[in-house]
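Chemist: Got a file for you: my_file-v1.txt, compact mmCIF, C-alpha atoms.
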```
# COMPACT_ATOMS: atom_id res chain seq x y z
CA MET A 15 172.62 106.62 96.67
CA ALA A 16 169.38 104.91 95.83
CA SER A 17 169.22 102.27 93.15
CA PRO A 18 168.27 103.63 89.68
CA VAL A 19 165.28 101.30 89.73
CA ALA A 20 164.13 102.29 93.19
CA GLN A 21 162.10 105.05 91.53
CA PHE A 22 159.76 102.37 90.18
CA GLU A 23 158.82 101.09 93.65
CA LEU A 24 155.21 101.50 94.62
CA LYS A 25 154.49 103.39 97.81
CA THR A 26 151.17 102.81 99.47
CA LEU A 27 149.42 106.08 100.22
CA ILE A 28 146.03 104.76 101.40
CA PRO A 29 145.97 101.06 102.30
CA ILE A 30 142.88 99.32 100.89
CA GLU A 31 142.27 95.59 101.05
CA VAL A 32 139.24 93.90 99.53
CA GLY A 33 138.74 90.20 100.20
CA GLY A 34 142.39 89.63 100.96
CA VAL A 35 143.51 91.38 97.75
CA ASP A 36 145.67 94.46 98.13
CA LEU A 37 144.02 97.32 96.20
CA SER A 38 145.86 100.14 97.99
CA PHE A 39 145.89 103.61 96.59
CA THR A 40 149.56 103.96 95.68
CA ASN A 41 151.78 106.69 94.21
CA SER A 42 151.18 105.06 90.81
CA ALA A 43 147.41 105.29 91.29
CA ALA A 44 147.77 108.89 92.44
CA TRP A 45 149.59 109.81 89.25
CA MET A 46 147.01 107.98 87.15
CA VAL A 47 144.33 110.07 88.87
CA LEU A 48 146.38 113.21 88.25
CA ALA A 49 146.82 112.20 84.61
CA ILE A 50 143.09 111.76 83.97
CA ALA A 51 142.33 114.92 85.96
CA GLY A 52 144.90 116.78 83.88
CA VAL A 53 143.51 115.46 80.60
CA THR A 54 139.92 116.20 81.57
CA ALA A 55 140.82 119.68 82.83
CA PHE A 56 142.86 120.40 79.71
CA LEU A 57 140.13 119.31 77.32
CA THR A 58 137.19 120.86 79.15
CA LEU A 59 138.66 124.13 80.42
CA SER A 60 140.32 124.91 77.11
CA MET A 61 137.02 124.34 75.31
CA SER A 62 134.91 126.25 77.85
CA GLY A 63 135.08 129.40 75.71
CA ARG A 64 133.73 127.47 72.72
CA ARG A 65 135.19 130.20 70.59
CA LEU A 66 134.79 130.15 66.84
CA VAL A 67 138.35 131.40 66.46
CA PRO A 68 140.30 129.28 68.93
CA GLY A 69 142.87 130.54 71.38
CA ARG A 70 146.08 128.63 72.09
CA TRP A 71 144.64 126.19 74.60
CA GLN A 72 141.50 125.57 72.60
CA LEU A 73 143.61 125.03 69.50
CA MET A 74 145.71 122.42 71.32
CA ALA A 75 142.57 120.59 72.43
CA GLU A 76 141.13 120.72 68.91
CA LEU A 77 144.42 119.55 67.41
CA SER A 78 144.54 116.58 69.83
CA TYR A 79 141.04 115.67 68.77
CA GLU A 80 141.73 116.03 65.07
CA PHE A 81 145.04 114.20 65.34
CA ILE A 82 143.38 111.07 66.74
CA ALA A 83 140.25 111.50 64.60
CA ASN A 84 142.39 111.53 61.45
CA MET A 85 144.48 108.63 62.72
CA VAL A 86 141.34 106.54 63.23
CA LYS A 87 139.90 107.63 59.88
CA ASP A 88 143.10 106.92 57.94
CA ASN A 89 144.00 103.64 59.61
CA VAL A 90 140.67 102.07 60.46
CA GLY A 91 138.30 103.69 58.01
CA SER A 92 134.81 105.03 58.50
CA GLU A 93 133.77 101.95 60.52
CA GLY A 94 136.32 102.99 63.12
CA ARG A 95 134.24 106.02 64.06
CA LYS A 96 132.56 104.30 66.99
CA TYR A 97 135.89 103.21 68.47
CA PHE A 98 137.21 106.78 68.35
CA PRO A 99 136.34 107.67 71.98
CA PHE A 100 138.24 104.63 73.23
CA VAL A 101 141.28 105.31 71.04
CA PHE A 102 141.23 108.98 72.00
CA SER A 103 141.00 108.17 75.73
CA LEU A 104 143.79 105.62 75.35
CA PHE A 105 146.09 108.10 73.63
CA MET A 106 145.40 110.91 76.09
CA PHE A 107 145.82 108.56 79.06
CA ILE A 108 149.18 107.19 77.92
CA LEU A 109 150.38 110.62 76.82
CA ALA A 110 149.46 112.21 80.14
CA CYS A 111 151.02 109.36 82.17
CA ASN A 112 154.22 109.55 80.11
CA LEU A 113 154.50 113.33 80.21
CA PHE A 114 153.54 113.71 83.89
CA GLY A 115 156.25 111.13 84.55
CA MET A 116 158.79 113.66 83.27
CA LEU A 117 158.01 115.99 86.19
CA PRO A 118 160.53 115.79 89.02
CA TYR A 119 159.41 113.59 91.96
CA SER A 120 156.55 112.23 89.90
CA TYR A 121 155.75 108.62 89.13
CA THR A 122 155.28 107.08 85.69
CA PRO A 123 152.49 104.48 85.79
CA THR A 124 153.35 103.40 82.23
CA SER A 125 156.81 102.28 83.38
CA GLN A 126 155.07 99.31 84.98
CA ILE A 127 154.81 96.23 82.75
CA ILE A 128 151.52 95.19 84.34
CA VAL A 129 149.90 98.54 83.50
CA THR A 130 151.00 98.52 79.87
CA PHE A 131 150.19 94.82 79.58
CA ALA A 132 146.69 95.34 80.97
CA MET A 133 146.04 98.04 78.40
CA ALA A 134 147.51 95.97 75.56
CA PHE A 135 145.53 92.94 76.70
CA VAL A 136 142.26 94.88 76.73
CA VAL A 137 143.05 96.09 73.21
CA PHE A 138 143.90 92.54 72.12
CA ILE A 139 140.74 90.99 73.61
CA GLY A 140 138.57 93.82 72.32
CA VAL A 141 139.97 93.59 68.82
CA THR A 142 139.55 89.79 68.76
CA ILE A 143 135.93 90.06 69.93
CA ILE A 144 135.20 92.72 67.28
CA ALA A 145 136.76 90.50 64.60
CA LEU A 146 134.80 87.41 65.72
CA ALA A 147 131.54 89.37 65.94
CA ARG A 148 132.00 90.85 62.48
CA HIS A 149 133.30 87.86 60.60
CA GLY A 150 132.37 84.80 62.72
CA LEU A 151 134.36 81.72 61.76
CA HIS A 152 135.57 83.53 58.66
CA PHE A 153 137.89 85.38 61.06
CA PHE A 154 140.21 82.34 61.11
CA THR A 155 141.13 82.89 57.47
CA PHE A 156 143.09 85.80 58.89
CA PHE A 157 145.77 83.30 59.87
CA PHE A 158 146.31 82.20 56.30
CA PRO A 159 147.17 85.00 53.89
CA SER A 160 144.93 84.76 50.83
CA GLY A 161 146.79 83.94 47.64
CA ALA A 162 149.53 81.97 49.36
CA PRO A 163 150.08 78.45 48.04
CA VAL A 164 148.30 75.78 50.08
CA TYR A 165 151.45 73.78 50.74
CA MET A 166 152.84 76.78 52.63
CA ALA A 167 150.02 76.48 55.18
CA PRO A 168 151.97 74.37 57.72
CA LEU A 169 154.57 77.12 57.84
CA LEU A 170 152.45 80.22 57.47
CA ILE A 171 149.63 79.38 59.87
CA PRO A 172 151.87 78.90 62.95
CA ILE A 173 153.74 82.11 62.09
CA GLU A 174 150.53 84.08 61.72
CA VAL A 175 149.05 82.59 64.90
CA ILE A 176 152.18 83.34 66.91
CA SER A 177 152.47 86.86 65.55
CA TYR A 178 148.82 87.45 66.41
CA PHE A 179 149.15 86.24 69.99
CA VAL A 180 152.43 88.09 70.51
CA ARG A 181 150.70 91.37 69.78
CA PRO A 182 149.76 92.21 73.39
CA VAL A 183 153.27 91.32 74.53
CA SER A 184 155.08 93.45 71.95
CA LEU A 185 152.62 96.29 72.40
CA SER A 186 153.05 96.38 76.18
CA VAL A 187 156.78 95.69 76.37
CA ARG A 188 157.54 98.43 73.85
CA LEU A 189 155.91 101.13 75.97
CA PHE A 190 157.06 99.77 79.30
CA ALA A 191 160.70 99.25 78.21
CA ASN A 192 160.95 102.71 76.70
CA MET A 193 159.59 104.36 79.79
CA MET A 194 161.66 102.33 82.21
CA ALA A 195 164.89 102.60 80.24
CA GLY A 196 164.57 106.35 79.86
CA HIS A 197 163.87 106.99 83.52
CA THR A 198 166.60 104.61 84.65
CA MET A 199 169.09 106.27 82.37
CA LEU A 200 168.25 109.71 83.73
CA LYS A 201 168.67 108.37 87.24
CA VAL A 202 172.04 106.77 86.45
CA PHE A 203 173.40 109.96 84.93
CA GLY A 204 171.94 111.89 87.85
CA GLY A 205 174.05 109.66 90.10
CA PHE A 206 177.12 110.49 88.00
CA VAL A 207 176.51 114.22 88.45
CA ILE A 208 176.76 113.81 92.24
CA ALA A 209 179.64 111.32 92.15
CA LEU A 210 181.89 113.32 89.80
CA GLY A 211 181.71 116.59 91.75
CA VAL A 212 182.87 119.51 89.56
CA PHE A 213 183.16 117.25 86.51
CA GLY A 214 179.51 116.36 86.96
CA VAL A 215 178.77 119.20 84.56
CA ALA A 216 179.33 116.81 81.66
CA PRO A 217 176.67 114.25 82.68
CA LEU A 218 174.45 117.17 83.72
CA ALA A 219 174.57 118.53 80.16
CA LEU A 220 173.77 115.02 78.93
CA ILE A 221 170.79 114.85 81.28
CA VAL A 222 169.43 118.07 79.85
CA ALA A 223 169.65 116.62 76.34
CA LEU A 224 168.24 113.27 77.51
CA THR A 225 165.31 114.98 79.21
CA ALA A 226 164.31 116.59 75.94
CA PHE A 227 164.78 113.22 74.25
CA GLU A 228 162.64 111.50 76.88
CA ILE A 229 159.83 114.00 76.32
CA LEU A 230 159.98 113.09 72.64
CA VAL A 231 159.90 109.39 73.54
CA ALA A 232 156.95 109.99 75.88
CA VAL A 233 154.91 111.49 73.03
CA LEU A 234 156.20 109.06 70.43
CA GLN A 235 155.38 105.97 72.47
CA ALA A 236 151.87 107.20 73.18
CA TYR A 237 151.51 107.68 69.42
CA VAL A 238 152.97 104.24 68.62
CA PHE A 239 150.68 102.48 71.10
CA THR A 240 147.66 104.28 69.67
CA ILE A 241 148.46 103.78 66.01
CA LEU A 242 149.10 100.06 66.57
CA THR A 243 145.73 99.85 68.28
CA CYS A 244 144.24 101.47 65.16
CA LEU A 245 146.02 98.99 62.89
CA TYR A 246 144.76 96.05 64.96
CA LEU A 247 141.26 97.51 64.73
CA HIS A 248 141.70 97.77 60.98
CA ASP A 249 142.71 94.10 60.81
CA ALA A 250 139.71 93.14 62.92
CA ILE A 251 137.27 95.06 60.74
CA HIS A 252 138.73 94.37 57.28
CA LEU A 253 140.79 91.15 57.84
CA HIS A 254 144.01 92.12 56.03
CA MET B 13 169.17 94.06 86.62
CA THR B 14 170.47 92.40 83.48
CA ARG B 15 167.16 93.15 81.92
CA TYR B 16 167.52 96.82 82.68
CA LEU B 17 171.05 96.77 81.30
CA LYS B 18 169.79 95.17 78.14
CA ASN B 19 167.27 97.92 77.82
CA SER B 20 169.93 100.57 78.26
CA ALA B 21 172.09 98.90 75.67
CA ALA B 22 169.15 98.60 73.37
CA PHE B 23 168.75 102.30 73.68
CA GLY B 24 172.04 102.88 71.95
CA ILE B 25 174.13 103.55 75.02
CA THR B 26 177.64 102.18 74.80
CA GLY B 27 178.83 99.20 76.75
CA ALA B 28 181.12 101.37 78.84
CA ILE B 29 178.19 103.38 80.12
CA ALA B 30 176.30 100.17 80.77
CA LEU B 31 179.21 98.90 82.83
CA ALA B 32 179.36 102.17 84.73
CA ALA B 33 175.66 101.88 85.34
CA GLU B 34 176.19 98.40 86.69
CA GLY B 35 178.80 99.85 89.02
CA ALA B 36 176.36 102.45 90.19
CA LEU B 37 173.75 99.75 90.70
CA ALA B 38 176.15 97.56 92.64
CA ALA B 39 177.09 100.48 94.86
CA SER B 40 173.49 101.20 95.66
CA ASP B 41 171.45 99.63 98.42
CA GLY B 42 168.50 98.71 96.26
CA GLY B 43 169.46 95.11 95.58
CA GLY B 44 168.69 93.14 92.47
CA THR B 45 165.02 92.72 91.69
CA LEU B 46 162.96 95.08 89.58
CA PRO B 47 159.94 96.58 91.31
CA GLN B 48 158.02 95.95 88.08
CA LEU B 49 158.27 92.19 88.60
CA ASP B 50 156.71 92.21 92.07
CA ILE B 51 153.50 90.29 91.42
CA GLY B 52 152.01 91.45 94.72
CA THR B 53 151.56 94.97 93.31
CA PHE B 54 149.71 93.80 90.18
CA PRO B 55 146.11 93.75 91.50
CA THR B 56 146.20 97.30 92.83
CA GLN B 57 147.80 98.63 89.65
CA VAL B 58 145.33 96.90 87.35
CA PHE B 59 142.44 97.94 89.61
CA TRP B 60 143.42 101.63 89.62
CA LEU B 61 144.26 101.53 85.93
CA PHE B 62 140.73 100.33 85.14
CA VAL B 63 139.11 102.76 87.58
CA THR B 64 140.98 105.78 86.25
CA PHE B 65 140.67 104.73 82.62
CA ILE B 66 136.93 104.13 82.87
CA VAL B 67 136.49 107.51 84.57
CA LEU B 68 138.55 109.14 81.82
CA TYR B 69 136.57 107.31 79.13
CA ILE B 70 133.29 108.57 80.60
CA ALA B 71 134.64 112.11 80.96
CA MET B 72 135.80 112.03 77.34
CA THR B 73 132.59 110.62 75.86
CA LYS B 74 130.23 112.72 78.02
CA ILE B 75 132.02 116.03 78.26
CA ALA B 76 135.24 116.58 76.33
CA ILE B 77 134.51 115.00 72.93
CA PRO B 78 130.98 116.47 72.56
CA ARG B 79 132.34 119.91 73.44
CA ILE B 80 135.11 119.74 70.87
CA GLU B 81 132.77 118.28 68.26
CA PHE B 82 130.23 121.01 68.99
CA VAL B 83 132.80 123.74 68.34
CA LEU B 84 134.20 122.05 65.24
CA GLU B 85 130.69 121.45 63.90
CA GLU B 86 129.69 125.03 64.61
CA ARG B 87 132.79 126.37 62.91
CA HIS B 88 132.15 124.13 59.94
CA SER B 89 128.53 125.25 59.59
CA LYS B 90 129.50 128.90 60.16
CA LEU B 91 132.08 128.67 57.40
CA ALA B 92 129.61 126.97 55.08
CA GLU B 93 127.02 129.61 55.92
CA ASP B 94 129.45 132.46 55.29
CA LEU B 95 130.54 130.94 52.00
CA ASP B 96 126.90 130.53 51.10
CA LYS B 97 126.21 134.15 51.97
CA ALA B 98 129.20 135.32 49.97
CA GLY B 99 128.00 133.28 47.00
CA LYS B 100 124.55 134.78 47.29
CA LEU B 101 125.93 138.30 47.51
CA LYS B 102 128.03 137.63 44.45
CA ALA B 103 124.98 136.38 42.58
CA ASP B 104 123.11 139.51 43.66
CA ALA B 105 125.92 141.73 42.47
CA GLU B 106 125.98 139.90 39.17
CA GLU B 107 122.24 140.34 38.82
CA VAL B 108 122.56 144.06 39.51
CA GLN B 109 125.27 144.31 36.91
CA ALA B 110 123.17 142.41 34.40
CA ASN B 111 120.22 144.70 35.11
CA TYR B 112 122.42 147.73 34.67
CA GLU B 113 123.75 146.43 31.38
CA LYS B 114 120.27 145.62 30.21
CA ALA B 115 119.05 149.11 31.09
CA LEU B 116 122.00 150.56 29.26
CA ALA B 117 121.28 148.45 26.18
CA ASP B 118 117.60 149.41 26.35
CA ALA B 119 118.46 153.08 26.57
CA ARG B 120 120.79 152.71 23.64
CA GLY B 121 118.08 150.90 21.67
CA SER B 122 115.43 153.53 22.37
CA ALA B 123 117.89 156.28 21.54
CA HIS B 124 118.48 154.59 18.19
CA GLU B 125 114.77 154.33 17.67
CA LEU B 126 114.25 158.00 18.49
CA VAL B 127 116.98 159.01 16.13
CA GLY B 128 115.49 156.79 13.44
CA ALA B 129 112.01 158.20 13.95
CA ALA B 130 113.32 161.77 13.89
CA LYS B 131 115.20 160.98 10.69
CA ASP B 132 112.07 159.47 9.13
CA GLU B 133 109.98 162.43 10.12
CA ALA B 134 112.53 164.85 8.83
CA SER B 135 112.80 163.08 5.49
CA LYS B 136 109.00 162.87 5.25
CA ALA B 137 108.65 166.57 5.95
CA ASN B 138 111.37 167.19 3.44
CA ALA B 139 109.61 165.14 0.79
CA LYS B 140 106.32 166.90 1.51
CA ALA B 141 107.89 170.34 1.26
CA GLU B 142 109.55 169.31 -1.98
CA ALA B 143 106.27 168.02 -3.38
CA GLU B 144 104.52 171.19 -2.36
CA ALA B 145 107.22 173.30 -3.92
CA ASP B 146 106.98 171.19 -7.10
CA ALA B 147 103.22 171.59 -7.18
CA ALA B 148 103.48 175.34 -6.69
CA ALA B 149 106.05 175.57 -9.44
CA VAL B 150 103.90 173.53 -11.81
CA LYS B 151 100.89 175.71 -11.01
CA LYS B 152 102.87 178.89 -11.64
CA VAL B 153 104.17 177.46 -14.89
CA LYS B 154 100.61 176.62 -15.90
CA GLU B 155 99.38 180.08 -14.94
CA ALA B 156 102.19 181.64 -16.85
CA GLU B 157 101.41 179.45 -19.86
CA ALA B 158 97.75 180.40 -19.59
CA SER B 159 98.49 184.12 -19.42
CA ILE B 160 100.88 183.78 -22.34
CA GLU B 161 98.18 181.95 -24.29
CA ALA B 162 95.67 184.64 -23.35
CA ALA B 163 98.08 187.36 -24.36
CA ARG B 164 98.71 185.55 -27.59
CA THR B 165 95.02 185.10 -28.39
CA GLU B 166 94.40 188.74 -27.56
CA ALA B 167 97.30 189.76 -29.69
CA LEU B 168 96.04 187.56 -32.46
CA SER B 169 92.50 188.96 -32.24
CA ASN B 170 93.94 192.44 -32.25
CA VAL B 171 95.95 191.50 -35.31
CA LYS B 172 92.72 190.16 -36.91
CA ASP B 173 90.87 193.38 -36.14
CA VAL B 174 93.73 195.47 -37.55
CA VAL B 175 94.06 193.18 -40.58
CA SER B 176 90.29 193.22 -41.33
CA GLU B 177 90.16 197.02 -40.89
CA VAL B 178 93.22 197.46 -43.16
CA ALA B 179 91.76 194.96 -45.65
CA GLY B 180 88.33 196.72 -45.61
CA GLU B 181 89.85 200.11 -46.22
CA ALA B 182 92.20 198.71 -48.89
CA VAL B 183 89.27 197.08 -50.76
CA GLN B 184 87.21 200.34 -50.56
CA LYS B 185 90.08 202.37 -51.85
CA LEU B 186 91.00 199.90 -54.59
CA ILE B 187 87.64 198.84 -55.90
CA GLY B 188 85.29 201.15 -54.05
CA VAL B 189 83.28 198.34 -52.68
CA LYS B 190 82.21 198.49 -49.16
CA VAL B 191 82.73 195.14 -47.58
CA THR B 192 80.82 194.36 -44.40
CA LYS B 193 82.70 193.77 -41.25
CA THR B 194 81.43 190.22 -40.95
CA GLU B 195 82.63 189.28 -44.39
CA LEU B 196 85.99 190.81 -43.70
CA ASN B 197 86.44 188.88 -40.50
CA LYS B 198 85.47 185.68 -42.30
CA ALA B 199 88.00 186.29 -45.03
CA VAL B 200 90.75 187.14 -42.57
CA ALA B 201 90.06 184.02 -40.50
CA ALA B 202 90.11 181.91 -43.71
CA ALA B 203 93.35 183.54 -44.84
CA MET B 204 95.00 182.95 -41.47
CA GLU B 205 93.76 179.46 -41.40
CA ALA B 206 95.13 178.72 -44.84
CA LYS B 207 98.44 180.11 -43.86
```
Can the structure in the file be given as structure tokens, please?

Modeler:
Amino acid sequence: MASPVAQFELKTLIPIEVGGVDLSFTNSAAWMVLAIAGVTAFLTLSMSGRRLVPGRWQLMAELSYEFIANMVKDNVGSEGRKYFPFVFSLFMFILACNLFGMLPYSYTPTSQIIVTFAMAFVVFIGVTIIALARHGLHFFTFFFPSGAPVYMAPLLIPIEVISYFVRPVSLSVRLFANMMAGHTMLKVFGGFVIALGVFGVAPLALIVALTAFEILVAVLQAYVFTILTCLYLHDAIHLH
Amino acid sequence: MTRYLKNSAAFGITGAIALAAEGALAASDGGGTLPQLDIGTFPTQVFWLFVTFIVLYIAMTKIAIPRIEFVLEERHSKLAEDLDKAGKLKADAEEVQANYEKALADARGSAHELVGAAKDEASKANAKAEAEADAAAVKKVKEAEASIEAARTEALSNVKDVVSEVAGEAVQKLIGVKVTKTELNKAVAAAMEAK
């Protein structure tokens, strides 16, 4: 029986090496490509009718759009309008990666810490640049909550600075850990089904329930990642 | 491995299951390290993440989002247009009703007027007829009075003639004097006058 974490191993499909750096097209990359192809196909084919009264697929596409549009509007405000395409792409990308990962024999790119960290880091850097561009040096008042007594500064400023710089870590680890834990758990119980023979029915029933739960987690974590991105954008634009 | 166990535990799975999972792990051939911590795979993953994400971002901004926005915008304007049209139709209907009511009120007003005029005319004609009747009556009364007067004068003159004749004859018979007719008339008129 394979290790429950063996499912996370990368398999090179097309070896590519540029300047001594391995940039091979792997199973993870293949599923990222499938994810973006799926999202693009979903959003363009469903809207191809451009019907005034939407059908089911068109309604789903419109609801995805309005869901993120409202999230950006409610959490960032009207200034967040120009960041909407990025937030929308981010949500659809994570959602598709998470959900495609629930297909048997598939691969979940978001179960890799480096993938989630790269996304979180881009968000972190982007948000910091937006904040600095908007507020200049005034941005650094963000690390000292207004209204707090001055003598609390030695305590508050380190806390605020740490919590700010921990953002990309917490954002990435949350998504990665959820994805990895869920898939590992399914694999472990899958092993039990084989090992217990006839009594494997019990873990099998559990797997069915867990699969539904994992689909919920897949959607929920995409939502959490996106809404935290919106909140960080809000902080960058409004400073508290 | 411990990290993965921690994650399982963090997920609310009991320690017993975690232990069983460890057993399953130990029995497997995979060994200890997590594939996620293999730094050698990082460049390719980050590279393909950026490639796919940038492609998705372009597809979203160039194709998907404009399409959805187009449909939503169109629906919005169509709804606004339809509401506008409905409002206009309602205003039209209200105008028609107002016109109808006005026409009705006008008709009622002119009917009143006609009735009033007819009444006036009728009462005028009435008054005229009455006046005419009065005038005719007065005239007849006057005529009657005149004929009565005439009859009376005639009667009186007849009486005078008879009286003067009787008086003339009486005088002749009594005193044998013949009195002229003129003198008789004079005496009769004086006697009647004195009376």

Chemist: Rounded to one decimal, what separation in Å do you get between CA of Ser103 (chain A) and CA of Phe65 (chain B)?

Modeler: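 Atom-to-atom, CA of Ser103 (chain A) to CA of Phe65 (chain B), that is 7.7 Å.
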
Chemist: With 7 Å as the limit and counting only C-alpha atoms, what residues in chain A lie close to chain B? Please list them as a count of residues only.

Modeler: 33

Chemist: Within 10 Å of Val200 (chain B), counting all atoms listed in the file, which residues qualify if same-chain residues fewer than 5 places away don't, as a PyMOL selection string?

Modeler: chain B and resi 171-173+175-176+179+194-195+205-206

Chemist: Of the candidates A:Ala223, A:Ala232, A:Leu48, A:Ile171, which shows the shortest atom-to-atom distance to Thr155 (chain A), using all atoms listed in the file?

Modeler: A:Ile171
